[in-house]
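Below: final31.pdb (PDB, N, CA and C atoms)
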ATOM      1  N   GLN A 555       9.761   6.232 -20.972
ATOM      2  CA  GLN A 555       8.564   6.948 -20.592
ATOM      3  C   GLN A 555       7.789   6.093 -19.602
ATOM      4  N   ILE A 556       7.306   6.732 -18.560
ATOM      5  CA  ILE A 556       6.512   6.029 -17.561
ATOM      6  C   ILE A 556       5.143   6.681 -17.501
ATOM      7  N   ARG A 557       4.108   5.876 -17.665
ATOM      8  CA  ARG A 557       2.728   6.321 -17.498
ATOM      9  C   ARG A 557       2.147   5.525 -16.332
ATOM     10  N   PRO A 558       2.440   5.974 -15.122
ATOM     11  CA  PRO A 558       2.072   5.160 -13.960
ATOM     12  C   PRO A 558       0.567   5.080 -13.735
ATOM     13  N   THR A 559       0.164   3.927 -13.253
ATOM     14  CA  THR A 559      -1.223   3.724 -12.824
ATOM     15  C   THR A 559      -1.269   3.580 -11.313
ATOM     16  N   GLY A 560      -0.138   3.758 -10.679
ATOM     17  CA  GLY A 560      -0.001   3.691  -9.228
ATOM     18  C   GLY A 560       1.338   4.293  -8.858
ATOM     19  N   ASN A 561       1.716   4.181  -7.612
ATOM     20  CA  ASN A 561       3.016   4.667  -7.181
ATOM     21  C   ASN A 561       4.107   3.792  -7.793
ATOM     22  N   VAL A 562       5.303   4.339  -7.952
ATOM     23  CA  VAL A 562       6.373   3.688  -8.712
ATOM     24  C   VAL A 562       7.603   3.499  -7.840
ATOM     25  N   THR A 563       8.214   2.313  -7.922
ATOM     26  CA  THR A 563       9.511   2.062  -7.292
ATOM     27  C   THR A 563      10.527   1.846  -8.401
ATOM     28  N   ILE A 564      11.598   2.642  -8.366
ATOM     29  CA  ILE A 564      12.658   2.545  -9.368
ATOM     30  C   ILE A 564      13.789   1.698  -8.799
ATOM     31  N   ALA A 565      14.210   0.700  -9.568
ATOM     32  CA  ALA A 565      15.331  -0.157  -9.174
ATOM     33  C   ALA A 565      16.145  -0.466 -10.422
ATOM     34  N   PHE A 566      17.431  -0.654 -10.259
ATOM     35  CA  PHE A 566      18.324  -0.925 -11.377
ATOM     36  C   PHE A 566      19.035  -2.243 -11.155
ATOM     37  N   SER A 567      19.342  -2.930 -12.244
ATOM     38  CA  SER A 567      20.129  -4.159 -12.160
ATOM     39  C   SER A 567      21.076  -4.214 -13.357
ATOM     40  N   ASN A 568      22.084  -5.055 -13.266
ATOM     41  CA  ASN A 568      23.057  -5.255 -14.347
ATOM     42  C   ASN A 568      23.730  -3.954 -14.773
ATOM     43  N   ILE A 569      24.122  -3.147 -13.807
ATOM     44  CA  ILE A 569      24.796  -1.886 -14.072
ATOM     45  C   ILE A 569      26.259  -2.174 -14.431
ATOM     46  N   PRO A 570      26.781  -1.548 -15.488
ATOM     47  CA  PRO A 570      28.194  -1.758 -15.825
ATOM     48  C   PRO A 570      29.119  -1.348 -14.679
ATOM     49  N   ALA A 571      30.329  -1.871 -14.711
ATOM     50  CA  ALA A 571      31.316  -1.627 -13.652
ATOM     51  C   ALA A 571      31.691  -0.154 -13.551
ATOM     52  N   SER A 572      32.335   0.183 -12.427
ATOM     53  CA  SER A 572      32.847   1.542 -12.225
ATOM     54  C   SER A 572      33.694   1.964 -13.407
ATOM     55  N   GLY A 573      33.678   3.259 -13.688
ATOM     56  CA  GLY A 573      34.426   3.801 -14.802
ATOM     57  C   GLY A 573      33.599   3.929 -16.071
ATOM     58  N   THR A 574      32.390   3.394 -16.056
ATOM     59  CA  THR A 574      31.483   3.500 -17.190
ATOM     60  C   THR A 574      30.331   4.410 -16.801
ATOM     61  N   PHE A 575      30.107   5.437 -17.591
ATOM     62  CA  PHE A 575      29.010   6.373 -17.333
ATOM     63  C   PHE A 575      27.712   5.760 -17.841
ATOM     64  N   VAL A 576      26.695   5.738 -16.975
ATOM     65  CA  VAL A 576      25.380   5.232 -17.346
ATOM     66  C   VAL A 576      24.364   6.311 -17.017
ATOM     67  N   GLY A 577      23.570   6.706 -18.001
ATOM     68  CA  GLY A 577      22.546   7.717 -17.790
ATOM     69  C   GLY A 577      21.165   7.178 -18.119
ATOM     70  N   VAL A 578      20.178   7.675 -17.397
ATOM     71  CA  VAL A 578      18.791   7.263 -17.592
ATOM     72  C   VAL A 578      17.926   8.515 -17.599
ATOM     73  N   LEU A 579      17.077   8.649 -18.603
ATOM     74  CA  LEU A 579      16.077   9.717 -18.613
ATOM     75  C   LEU A 579      14.724   9.096 -18.330
ATOM     76  N   ILE A 580      13.988   9.719 -17.456
ATOM     77  CA  ILE A 580      12.638   9.249 -17.134
ATOM     78  C   ILE A 580      11.659  10.352 -17.503
ATOM     79  N   ARG A 581      10.697  10.008 -18.334
ATOM     80  CA  ARG A 581       9.632  10.930 -18.700
ATOM     81  C   ARG A 581       8.363  10.435 -18.025
ATOM     82  N   HIS A 582       7.912  11.183 -17.028
ATOM     83  CA  HIS A 582       6.711  10.843 -16.272
ATOM     84  C   HIS A 582       5.531  11.554 -16.918
ATOM     85  N   GLU A 583       4.547  10.791 -17.375
ATOM     86  CA  GLU A 583       3.343  11.388 -17.958
ATOM     87  C   GLU A 583       2.197  11.291 -16.961
ATOM     88  N   ALA A 584       1.615  12.430 -16.638
ATOM     89  CA  ALA A 584       0.567  12.500 -15.615
ATOM     90  C   ALA A 584      -0.790  12.078 -16.179
ATOM     91  N   ASP A 585      -1.630  11.548 -15.281
ATOM     92  CA  ASP A 585      -2.976  11.148 -15.677
ATOM     93  C   ASP A 585      -4.057  11.802 -14.814
ATOM     94  N   GLY A 586      -3.675  12.818 -14.060
ATOM     95  CA  GLY A 586      -4.644  13.513 -13.212
ATOM     96  C   GLY A 586      -4.605  13.085 -11.758
ATOM     97  N   THR A 587      -3.829  12.041 -11.440
ATOM     98  CA  THR A 587      -3.710  11.554 -10.077
ATOM     99  C   THR A 587      -2.259  11.707  -9.624
ATOM    100  N   ALA A 588      -2.073  12.239  -8.431
ATOM    101  CA  ALA A 588      -0.712  12.394  -7.893
ATOM    102  C   ALA A 588      -0.077  11.022  -7.683
ATOM    103  N   ARG A 589       1.165  10.876  -8.090
ATOM    104  CA  ARG A 589       1.913   9.623  -7.937
ATOM    105  C   ARG A 589       3.203   9.906  -7.184
ATOM    106  N   THR A 590       3.648   8.937  -6.409
ATOM    107  CA  THR A 590       4.935   9.069  -5.740
ATOM    108  C   THR A 590       5.908   8.050  -6.330
ATOM    109  N   TYR A 591       7.172   8.402  -6.295
ATOM    110  CA  TYR A 591       8.243   7.530  -6.758
ATOM    111  C   TYR A 591       9.133   7.218  -5.567
ATOM    112  N   THR A 592       9.545   5.970  -5.476
ATOM    113  CA  THR A 592      10.541   5.558  -4.500
ATOM    114  C   THR A 592      11.814   5.285  -5.278
ATOM    115  N   TRP A 593      12.865   6.000  -4.906
ATOM    116  CA  TRP A 593      14.145   5.912  -5.601
ATOM    117  C   TRP A 593      15.084   5.017  -4.804
ATOM    118  N   PRO A 594      16.101   4.453  -5.458
ATOM    119  CA  PRO A 594      17.091   3.685  -4.697
ATOM    120  C   PRO A 594      17.655   4.538  -3.553
ATOM    121  N   ALA A 595      17.963   3.901  -2.438
ATOM    122  CA  ALA A 595      18.433   4.622  -1.250
ATOM    123  C   ALA A 595      19.712   5.408  -1.525
ATOM    124  N   ASN A 596      20.495   4.994  -2.496
ATOM    125  CA  ASN A 596      21.762   5.654  -2.786
ATOM    126  C   ASN A 596      21.628   6.731  -3.867
ATOM    127  N   THR A 597      20.429   7.263  -4.083
ATOM    128  CA  THR A 597      20.214   8.339  -5.048
ATOM    129  C   THR A 597      20.417   9.681  -4.363
ATOM    130  N   LYS A 598      21.271  10.488  -4.945
ATOM    131  CA  LYS A 598      21.533  11.835  -4.437
ATOM    132  C   LYS A 598      20.955  12.821  -5.446
ATOM    133  N   TRP A 599      20.175  13.784  -4.953
ATOM    134  CA  TRP A 599      19.483  14.741  -5.817
ATOM    135  C   TRP A 599      20.129  16.104  -5.766
ATOM    136  N   ALA A 600      20.138  16.782  -6.913
ATOM    137  CA  ALA A 600      20.593  18.171  -6.954
ATOM    138  C   ALA A 600      19.773  18.961  -5.944
ATOM    139  N   TYR A 601      20.420  19.803  -5.194
ATOM    140  CA  TYR A 601      19.782  20.621  -4.154
ATOM    141  C   TYR A 601      19.132  19.766  -3.061
ATOM    142  N   ASN A 602      19.518  18.469  -3.010
ATOM    143  CA  ASN A 602      19.019  17.547  -1.987
ATOM    144  C   ASN A 602      17.494  17.438  -1.993
ATOM    145  N   GLU A 603      16.904  17.514  -3.190
ATOM    146  CA  GLU A 603      15.443  17.497  -3.280
ATOM    147  C   GLU A 603      14.974  16.599  -4.416
ATOM    148  N   ALA A 604      14.371  15.478  -4.059
ATOM    149  CA  ALA A 604      13.780  14.595  -5.062
ATOM    150  C   ALA A 604      12.545  15.282  -5.648
ATOM    151  N   PRO A 605      12.224  14.999  -6.906
ATOM    152  CA  PRO A 605      11.101  15.685  -7.529
ATOM    153  C   PRO A 605       9.742  15.262  -6.988
ATOM    154  N   THR A 606       8.827  16.203  -6.984
ATOM    155  CA  THR A 606       7.400  15.925  -6.815
ATOM    156  C   THR A 606       6.812  16.085  -8.201
ATOM    157  N   PHE A 607       6.263  15.040  -8.736
ATOM    158  CA  PHE A 607       5.828  15.060 -10.125
ATOM    159  C   PHE A 607       4.504  15.776 -10.322
ATOM    160  N   THR A 608       4.379  16.395 -11.494
ATOM    161  CA  THR A 608       3.144  17.047 -11.916
ATOM    162  C   THR A 608       2.048  15.998 -12.016
ATOM    163  N   SER A 609       0.854  16.341 -11.585
ATOM    164  CA  SER A 609      -0.258  15.390 -11.679
ATOM    165  C   SER A 609      -1.308  15.816 -12.692
ATOM    166  N   THR A 610      -1.169  16.990 -13.301
ATOM    167  CA  THR A 610      -2.158  17.482 -14.254
ATOM    168  C   THR A 610      -2.212  16.579 -15.481
ATOM    169  N   ASN A 611      -3.391  16.081 -15.798
ATOM    170  CA  ASN A 611      -3.587  15.163 -16.910
ATOM    171  C   ASN A 611      -2.989  15.732 -18.198
ATOM    172  N   GLY A 612      -2.188  14.909 -18.891
ATOM    173  CA  GLY A 612      -1.601  15.298 -20.153
ATOM    174  C   GLY A 612      -0.287  16.051 -20.037
ATOM    175  N   LYS A 613       0.124  16.423 -18.850
ATOM    176  CA  LYS A 613       1.402  17.111 -18.649
ATOM    177  C   LYS A 613       2.479  16.069 -18.354
ATOM    178  N   PHE A 614       3.753  16.453 -18.548
ATOM    179  CA  PHE A 614       4.816  15.511 -18.222
ATOM    180  C   PHE A 614       6.025  16.226 -17.649
ATOM    181  N   ASP A 615       6.833  15.454 -16.928
ATOM    182  CA  ASP A 615       8.055  15.911 -16.294
ATOM    183  C   ASP A 615       9.194  15.017 -16.785
ATOM    184  N   ILE A 616      10.414  15.556 -16.765
ATOM    185  CA  ILE A 616      11.582  14.778 -17.167
ATOM    186  C   ILE A 616      12.652  14.906 -16.082
ATOM    187  N   VAL A 617      13.197  13.763 -15.662
ATOM    188  CA  VAL A 617      14.317  13.748 -14.728
ATOM    189  C   VAL A 617      15.434  12.907 -15.341
ATOM    190  N   SER A 618      16.654  13.152 -14.892
ATOM    191  CA  SER A 618      17.768  12.326 -15.336
ATOM    192  C   SER A 618      18.448  11.734 -14.112
ATOM    193  N   LEU A 619      18.960  10.538 -14.286
ATOM    194  CA  LEU A 619      19.753   9.851 -13.270
ATOM    195  C   LEU A 619      21.012   9.355 -13.952
ATOM    196  N   PHE A 620      22.151   9.429 -13.257
ATOM    197  CA  PHE A 620      23.361   8.855 -13.825
ATOM    198  C   PHE A 620      24.240   8.304 -12.715
ATOM    199  N   THR A 621      25.095   7.374 -13.114
ATOM    200  CA  THR A 621      26.105   6.812 -12.230
ATOM    201  C   THR A 621      27.389   6.651 -13.028
ATOM    202  N   TYR A 622      28.488   6.714 -12.361
ATOM    203  CA  TYR A 622      29.787   6.453 -12.987
ATOM    204  C   TYR A 622      30.550   5.419 -12.155
ATOM    205  N   ASN A 623      29.930   4.976 -11.050
ATOM    206  CA  ASN A 623      30.640   4.058 -10.151
ATOM    207  C   ASN A 623      29.875   2.750  -9.948
ATOM    208  N   GLY A 624      29.329   2.240 -11.045
ATOM    209  CA  GLY A 624      28.688   0.930 -11.008
ATOM    210  C   GLY A 624      27.392   0.894 -10.220
ATOM    211  N   GLY A 625      26.766   2.045 -10.013
ATOM    212  CA  GLY A 625      25.511   2.094  -9.282
ATOM    213  C   GLY A 625      25.674   2.249  -7.783
ATOM    214  N   THR A 626      26.929   2.425  -7.315
ATOM    215  CA  THR A 626      27.123   2.680  -5.891
ATOM    216  C   THR A 626      26.368   3.932  -5.489
ATOM    217  N   ASN A 627      26.428   4.933  -6.342
ATOM    218  CA  ASN A 627      25.640   6.154  -6.157
ATOM    219  C   ASN A 627      24.959   6.498  -7.471
ATOM    220  N   TRP A 628      23.731   6.959  -7.376
ATOM    221  CA  TRP A 628      23.013   7.540  -8.512
ATOM    222  C   TRP A 628      22.844   9.020  -8.213
ATOM    223  N   PHE A 629      22.971   9.841  -9.246
ATOM    224  CA  PHE A 629      22.828  11.278  -9.106
ATOM    225  C   PHE A 629      21.652  11.708  -9.975
ATOM    226  N   GLY A 630      20.713  12.421  -9.379
ATOM    227  CA  GLY A 630      19.509  12.811 -10.097
ATOM    228  C   GLY A 630      19.326  14.308 -10.165
ATOM    229  N   GLN A 631      18.651  14.723 -11.230
ATOM    230  CA  GLN A 631      18.277  16.127 -11.338
ATOM    231  C   GLN A 631      17.008  16.248 -12.151
ATOM    232  N   ILE A 632      16.245  17.274 -11.841
ATOM    233  CA  ILE A 632      15.029  17.563 -12.587
ATOM    234  C   ILE A 632      15.430  18.329 -13.837
ATOM    235  N   ILE A 633      15.057  17.821 -15.000
ATOM    236  CA  ILE A 633      15.350  18.490 -16.257
ATOM    237  C   ILE A 633      14.277  19.559 -16.526
ATOM    238  N   GLY A 634      13.039  19.210 -16.313
ATOM    239  CA  GLY A 634      11.944  20.152 -16.527
ATOM    240  C   GLY A 634      10.631  19.549 -16.055
ATOM    241  N   GLN A 635       9.696  20.418 -15.725
ATOM    242  CA  GLN A 635       8.409  19.939 -15.229
ATOM    243  C   GLN A 635       7.262  20.716 -15.850
ATOM    244  N   ASN A 636       6.112  20.052 -15.869
ATOM    245  CA  ASN A 636       4.853  20.661 -16.288
ATOM    246  C   ASN A 636       4.875  21.079 -17.755
ATOM    247  N   TYR A 637       5.491  20.227 -18.594
ATOM    248  CA  TYR A 637       5.484  20.496 -20.033
ATOM    249  C   TYR A 637       4.103  20.257 -20.590
TER     250      TYR A 637
END

Entire entry expressed as structure tokens:
Amino acid sequence: QIRPTGNVTIAFSNIPASGTFVGVLIRHEADGTARTYTWPANTKWAYNEAPTFTSTNGKFDIVSLFTYNGGTNWFGQIIGQNY
């Protein structure tokens, strides 16, 4: 869960080798201020669209990221928004 107080940069380290599936769920909780996320350059998004997170106080969004090739590529998708 991320409760940002500013803009967020996502970075990964110590990713297992290729052939191992690694998944990450991110739950962004809004505080009333719009926040931006910077994703690793090798992140590919479903429909080629990175999420714009909900900013309404008390609402949250969920995204998933996964890799199967040691972090060479990350694949992201929006699970749901404005819960």

| said: As a check of understanding, name the residues that the PyMOL selection byres (((chain A and resi 630 and name CA) around 10) and name CA) selects in the supplied structure, as number ranges by chain. | reply: A: 577-579, 593, 597-605, 617-621, 627-629, 631-633

| message | Residue by residue, what does the PyMOL selection byres ((chain A and resi 585) around 7) grab here? Present the result as a ChimeraX atom specification. | response | /A:558,583-584,586-588,608-613

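Selection by the PyMOL selection byres (((chain A and resi 572 and name CA) around 10) and name CA) on the present file picks out Ile569, Pro570, Ala571, Gly573, Thr574, Phe575, Val576, Thr621, Tyr622, Asn623, Gly624, Gly625 and Thr626 of chain A.
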
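Going from CA of Asn596 (chain A) to atom N of His582 (chain A) covers 20.6 Å.
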
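Pairwise distance (CA of Thr606 (chain A), CA of Pro594 (chain A)) equals 15.8 Å.
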
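Distance-wise, CA of Asn568 (chain A) and atom N of Gln635 (chain A) end up 29.0 Å apart.
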
| request: Could you please write out, as a PyMOL selection string, every residue of chain A that DSSP assigns to strand (DSSP E)? | output: chain A and resi 562-563+576-583+591-592+597-599+614-621+628-634
